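Just model-v4.pdb here, PDB, C-alpha atoms, pLDDT in the B column:
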ATOM      1  CA  MET A   1      81.220   3.033 143.062  1.00 49.00           C
ATOM      2  CA  PRO A   2      80.781   6.776 142.778  1.00 53.00           C
ATOM      3  CA  TRP A   3      84.219   7.652 144.176  1.00 56.00           C
ATOM      4  CA  GLN A   4      86.222   5.645 141.619  1.00 55.00           C
ATOM      5  CA  VAL A   5      87.855   7.443 138.718  1.00 55.00           C
ATOM      6  CA  PRO A   6      86.829   5.970 135.354  1.00 55.00           C
ATOM      7  CA  HIS A   7      89.502   4.425 133.193  1.00 55.00           C
ATOM      8  CA  PRO A   8      90.728   6.767 130.418  1.00 57.00           C
ATOM      9  CA  GLY A   9      88.924   6.153 127.135  1.00 54.00           C
ATOM     10  CA  SER A  10      85.909   4.648 128.846  1.00 54.00           C
ATOM     11  CA  ALA A  11      82.744   6.534 129.722  1.00 56.00           C
ATOM     12  CA  THR A  12      81.457   3.925 132.179  1.00 58.00           C
ATOM     13  CA  GLY A  13      84.692   3.153 133.952  1.00 56.00           C
ATOM     14  CA  ARG A  14      84.937  -0.394 132.543  1.00 67.00           C
ATOM     15  CA  ARG A  15      88.103  -1.360 130.778  1.00 74.00           C
ATOM     16  CA  ASN A  16      87.850  -2.057 127.055  1.00 78.00           C
ATOM     17  CA  ARG A  17      88.986  -5.503 126.055  1.00 81.00           C
ATOM     18  CA  VAL A  18      91.213  -5.923 123.025  1.00 81.00           C
ATOM     19  CA  PHE A  19      91.076  -9.378 121.528  1.00 78.00           C
ATOM     20  CA  PRO A  20      93.947 -10.812 119.481  1.00 76.00           C
ATOM     21  CA  PRO A  21      93.339 -11.044 115.732  1.00 80.00           C
ATOM     22  CA  SER A  22      91.791 -14.308 114.654  1.00 80.00           C
ATOM     23  CA  THR A  23      93.086 -16.414 111.815  1.00 82.00           C
ATOM     24  CA  PRO A  24      91.280 -16.008 108.490  1.00 83.00           C
ATOM     25  CA  THR A  25      88.558 -18.557 107.870  1.00 88.00           C
ATOM     26  CA  VAL A  26      87.566 -20.250 104.622  1.00 91.00           C
ATOM     27  CA  HIS A  27      84.535 -17.942 104.447  1.00 91.00           C
ATOM     28  CA  THR A  28      86.771 -14.850 104.632  1.00 90.00           C
ATOM     29  CA  LEU A  29      89.092 -16.242 101.971  1.00 92.00           C
ATOM     30  CA  ALA A  30      86.138 -17.070  99.692  1.00 95.00           C
ATOM     31  CA  SER A  31      84.789 -13.537 100.117  1.00 95.00           C
ATOM     32  CA  VAL A  32      88.133 -11.983  99.176  1.00 95.00           C
ATOM     33  CA  ILE A  33      88.515 -14.255  96.129  1.00 96.00           C
ATOM     34  CA  THR A  34      84.959 -13.463  95.010  1.00 97.00           C
ATOM     35  CA  GLY A  35      85.587  -9.721  95.372  1.00 97.00           C
ATOM     36  CA  VAL A  36      88.805  -9.935  93.356  1.00 97.00           C
ATOM     37  CA  ALA A  37      87.051 -11.978  90.656  1.00 97.00           C
ATOM     38  CA  VAL A  38      84.209  -9.436  90.387  1.00 97.00           C
ATOM     39  CA  VAL A  39      86.635  -6.497  90.130  1.00 97.00           C
ATOM     40  CA  CYS A  40      88.662  -8.325  87.451  1.00 97.00           C
ATOM     41  CA  ALA A  41      85.505  -9.168  85.490  1.00 96.00           C
ATOM     42  CA  LEU A  42      84.399  -5.532  85.605  1.00 95.00           C
ATOM     43  CA  TYR A  43      87.857  -4.338  84.570  1.00 96.00           C
ATOM     44  CA  PHE A  44      88.208  -6.673  81.603  1.00 96.00           C
ATOM     45  CA  GLY A  45      84.541  -6.324  80.578  1.00 96.00           C
ATOM     46  CA  ARG A  46      84.539  -2.529  80.583  1.00 96.00           C
ATOM     47  CA  ALA A  47      84.645  -2.366  76.769  1.00 96.00           C
ATOM     48  CA  VAL A  48      81.208  -4.010  76.702  1.00 96.00           C
ATOM     49  CA  LEU A  49      79.770  -2.855  80.022  1.00 96.00           C
ATOM     50  CA  ILE A  50      80.308   0.894  79.587  1.00 96.00           C
ATOM     51  CA  PRO A  51      78.215   1.220  76.382  1.00 96.00           C
ATOM     52  CA  ILE A  52      75.492  -0.976  77.866  1.00 96.00           C
ATOM     53  CA  THR A  53      75.393   1.131  81.029  1.00 95.00           C
ATOM     54  CA  LEU A  54      75.280   4.366  79.044  1.00 94.00           C
ATOM     55  CA  SER A  55      72.461   3.055  76.858  1.00 93.00           C
ATOM     56  CA  VAL A  56      70.404   2.052  79.903  1.00 95.00           C
ATOM     57  CA  LEU A  57      70.927   5.469  81.494  1.00 95.00           C
ATOM     58  CA  LEU A  58      70.031   7.202  78.234  1.00 93.00           C
ATOM     59  CA  SER A  59      66.857   5.142  77.941  1.00 93.00           C
ATOM     60  CA  PHE A  60      65.842   6.227  81.463  1.00 95.00           C
ATOM     61  CA  LEU A  61      66.439   9.852  80.492  1.00 94.00           C
ATOM     62  CA  LEU A  62      64.524   9.649  77.211  1.00 95.00           C
ATOM     63  CA  ALA A  63      61.561   7.578  78.440  1.00 96.00           C
ATOM     64  CA  PRO A  64      59.577  10.558  79.824  1.00 96.00           C
ATOM     65  CA  LEU A  65      59.967  12.473  76.544  1.00 95.00           C
ATOM     66  CA  VAL A  66      58.874   9.445  74.512  1.00 96.00           C
ATOM     67  CA  ASN A  67      55.866   8.909  76.809  1.00 96.00           C
ATOM     68  CA  THR A  68      54.874  12.564  76.426  1.00 96.00           C
ATOM     69  CA  LEU A  69      55.083  12.311  72.636  1.00 96.00           C
ATOM     70  CA  ARG A  70      53.033   9.115  72.733  1.00 96.00           C
ATOM     71  CA  ARG A  71      50.306  10.931  74.727  1.00 96.00           C
ATOM     72  CA  VAL A  72      50.155  13.476  71.891  1.00 96.00           C
ATOM     73  CA  ARG A  73      49.174  10.461  69.736  1.00 94.00           C
ATOM     74  CA  LEU A  74      52.391  10.204  67.734  1.00 95.00           C
ATOM     75  CA  PRO A  75      53.399   6.728  66.617  1.00 96.00           C
ATOM     76  CA  GLU A  76      55.973   4.948  68.785  1.00 95.00           C
ATOM     77  CA  PHE A  77      58.700   4.946  66.134  1.00 96.00           C
ATOM     78  CA  LEU A  78      58.245   8.661  65.455  1.00 96.00           C
ATOM     79  CA  SER A  79      58.267   9.463  69.191  1.00 96.00           C
ATOM     80  CA  ILE A  80      61.546   7.580  69.671  1.00 95.00           C
ATOM     81  CA  LEU A  81      63.068   9.207  66.581  1.00 96.00           C
ATOM     82  CA  ILE A  82      62.137  12.716  67.756  1.00 96.00           C
ATOM     83  CA  ALA A  83      63.515  12.050  71.262  1.00 96.00           C
ATOM     84  CA  VAL A  84      66.804  10.708  69.919  1.00 95.00           C
ATOM     85  CA  LEU A  85      67.177  13.557  67.416  1.00 97.00           C
ATOM     86  CA  ALA A  86      66.462  16.133  70.149  1.00 96.00           C
ATOM     87  CA  THR A  87      69.134  14.530  72.328  1.00 95.00           C
ATOM     88  CA  VAL A  88      71.680  14.444  69.506  1.00 96.00           C
ATOM     89  CA  LEU A  89      70.981  18.092  68.655  1.00 98.00           C
ATOM     90  CA  ALA A  90      71.329  19.113  72.318  1.00 97.00           C
ATOM     91  CA  LEU A  91      74.649  17.267  72.607  1.00 96.00           C
ATOM     92  CA  ALA A  92      75.866  18.828  69.361  1.00 98.00           C
ATOM     93  CA  GLY A  93      74.928  22.294  70.632  1.00 98.00           C
ATOM     94  CA  VAL A  94      76.758  21.785  73.923  1.00 98.00           C
ATOM     95  CA  SER A  95      79.779  20.411  72.054  1.00 98.00           C
ATOM     96  CA  ALA A  96      79.795  23.446  69.753  1.00 98.00           C
ATOM     97  CA  LEU A  97      79.716  25.801  72.747  1.00 98.00           C
ATOM     98  CA  ILE A  98      82.583  23.968  74.437  1.00 98.00           C
ATOM     99  CA  GLY A  99      84.560  23.927  71.180  1.00 97.00           C
ATOM    100  CA  ALA A 100      84.084  27.670  70.715  1.00 97.00           C
ATOM    101  CA  GLN A 101      85.311  28.306  74.266  1.00 96.00           C
ATOM    102  CA  ILE A 102      88.403  26.139  73.681  1.00 95.00           C
ATOM    103  CA  VAL A 103      89.213  27.992  70.445  1.00 95.00           C
ATOM    104  CA  GLN A 104      88.860  31.355  72.199  1.00 95.00           C
ATOM    105  CA  LEU A 105      91.035  30.177  75.093  1.00 91.00           C
ATOM    106  CA  ALA A 106      93.714  28.946  72.676  1.00 90.00           C
ATOM    107  CA  ALA A 107      93.688  32.317  70.897  1.00 91.00           C
ATOM    108  CA  ASP A 108      94.106  34.198  74.201  1.00 89.00           C
ATOM    109  CA  LEU A 109      96.788  31.861  75.560  1.00 89.00           C
ATOM    110  CA  PRO A 110      99.798  34.098  74.713  1.00 88.00           C
ATOM    111  CA  GLN A 111      98.198  36.979  76.613  1.00 87.00           C
ATOM    112  CA  TYR A 112      97.599  34.739  79.656  1.00 88.00           C
ATOM    113  CA  GLN A 113     101.164  33.488  79.462  1.00 89.00           C
ATOM    114  CA  GLU A 114     102.571  37.028  79.592  1.00 88.00           C
ATOM    115  CA  GLU A 115     100.353  37.955  82.550  1.00 90.00           C
ATOM    116  CA  ILE A 116     101.355  34.828  84.462  1.00 91.00           C
ATOM    117  CA  GLU A 117     105.056  35.486  83.807  1.00 91.00           C
ATOM    118  CA  GLN A 118     104.682  39.059  85.069  1.00 91.00           C
ATOM    119  CA  LYS A 119     102.945  37.882  88.232  1.00 91.00           C
ATOM    120  CA  VAL A 120     105.627  35.259  88.877  1.00 91.00           C
ATOM    121  CA  GLN A 121     108.335  37.910  88.489  1.00 91.00           C
ATOM    122  CA  THR A 122     106.476  40.209  90.883  1.00 91.00           C
ATOM    123  CA  VAL A 123     106.186  37.434  93.485  1.00 90.00           C
ATOM    124  CA  GLN A 124     109.878  36.582  93.115  1.00 87.00           C
ATOM    125  CA  GLN A 125     110.894  40.220  93.529  1.00 86.00           C
ATOM    126  CA  LYS A 126     108.750  40.647  96.658  1.00 85.00           C
ATOM    127  CA  THR A 127     109.862  37.372  98.279  1.00 85.00           C
ATOM    128  CA  VAL A 128     113.312  36.308  97.045  1.00 78.00           C
ATOM    129  CA  GLY A 129     114.463  39.881  96.377  1.00 71.00           C
ATOM    130  CA  ARG A 130     113.668  40.946  99.947  1.00 71.00           C
ATOM    131  CA  ALA A 131     115.276  37.817 101.387  1.00 68.00           C
ATOM    132  CA  ASP A 132     118.506  38.553  99.507  1.00 67.00           C
ATOM    133  CA  SER A 133     118.659  42.127 100.743  1.00 65.00           C
TER     134      SER A 133
END
I'd like the structure from this file rewritten - as structure tokens, please.
Amino acid sequence: MPWQVPHPGSATGRRNRVFPPSTPTVHTLASVITGVAVVCALYFGRAVLIPITLSVLLSFLLAPLVNTLRRVRLPEFLSILIAVLATVLALAGVSALIGAQIVQLAADLPQYQEEIEQKVQTVQQKTVGRADS
């Protein structure tokens, strides 16, 4: 009826039914046990599964480069070797850059420490010092 006020929480004016929780079935229990077993298998197999996963991902990344080298009429072994060497050199270059940044940061650490201590003292003077007075 158009003159009735809808029930709160309902757009149509019908009351929402709340059913009591049902007891777990054998299917639900089997699903939970299967999920726990899969998580345990992944946890204990991580020493083997992580390298395998990384190798599969690396093969997907290197496949286009190998295919391009094969189109240039290089032998398959040489194409794979060049792709792997290029990847190793790129990783070594990135590692060298990161290492250089870490060395520079370690050398500048005493300067950063002094600046941080000065800023902490300034904040304490402006907050705690004013509260005391």
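Each of A:Val32, A:Ala47, A:Ile116, A:Val84 was checked against A:Leu61 using all atoms listed in the file; the smallest atom-to-atom distance is that of A:Val84.
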Item checked: Contact residues around stretch 75-79 of chain A with only C-alpha atoms at 12 Å, ignoring same-chain residues under 4 positions, as a ChimeraX atom specification -> /A:62-71,83-86
Item checked: Interatomic distance, atom CA of A:Thr87 to atom CA of A:Leu105 (Å, one decimal) ->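 These two atoms are separated by 27.1 Å.
Here atom CA of A:Gln111 is placed at a distance of 20.4 Å from atom CA of A:Ile98.
Interatomic distance, atom CA of A:Val94 against atom CA of A:Leu58: 16.6 Å.
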Can you sort out the box for stretch 38-41 of chain A, edges along x, y and z, all listed atoms in, 4 Å on every side, with centre and edge lengths in Å to one decimal, as AutoDock Vina command-line options?
--center_x 86.4 --center_y -8.0 --center_z 87.9 --size_x 12.5 --size_y 10.9 --size_z 12.9
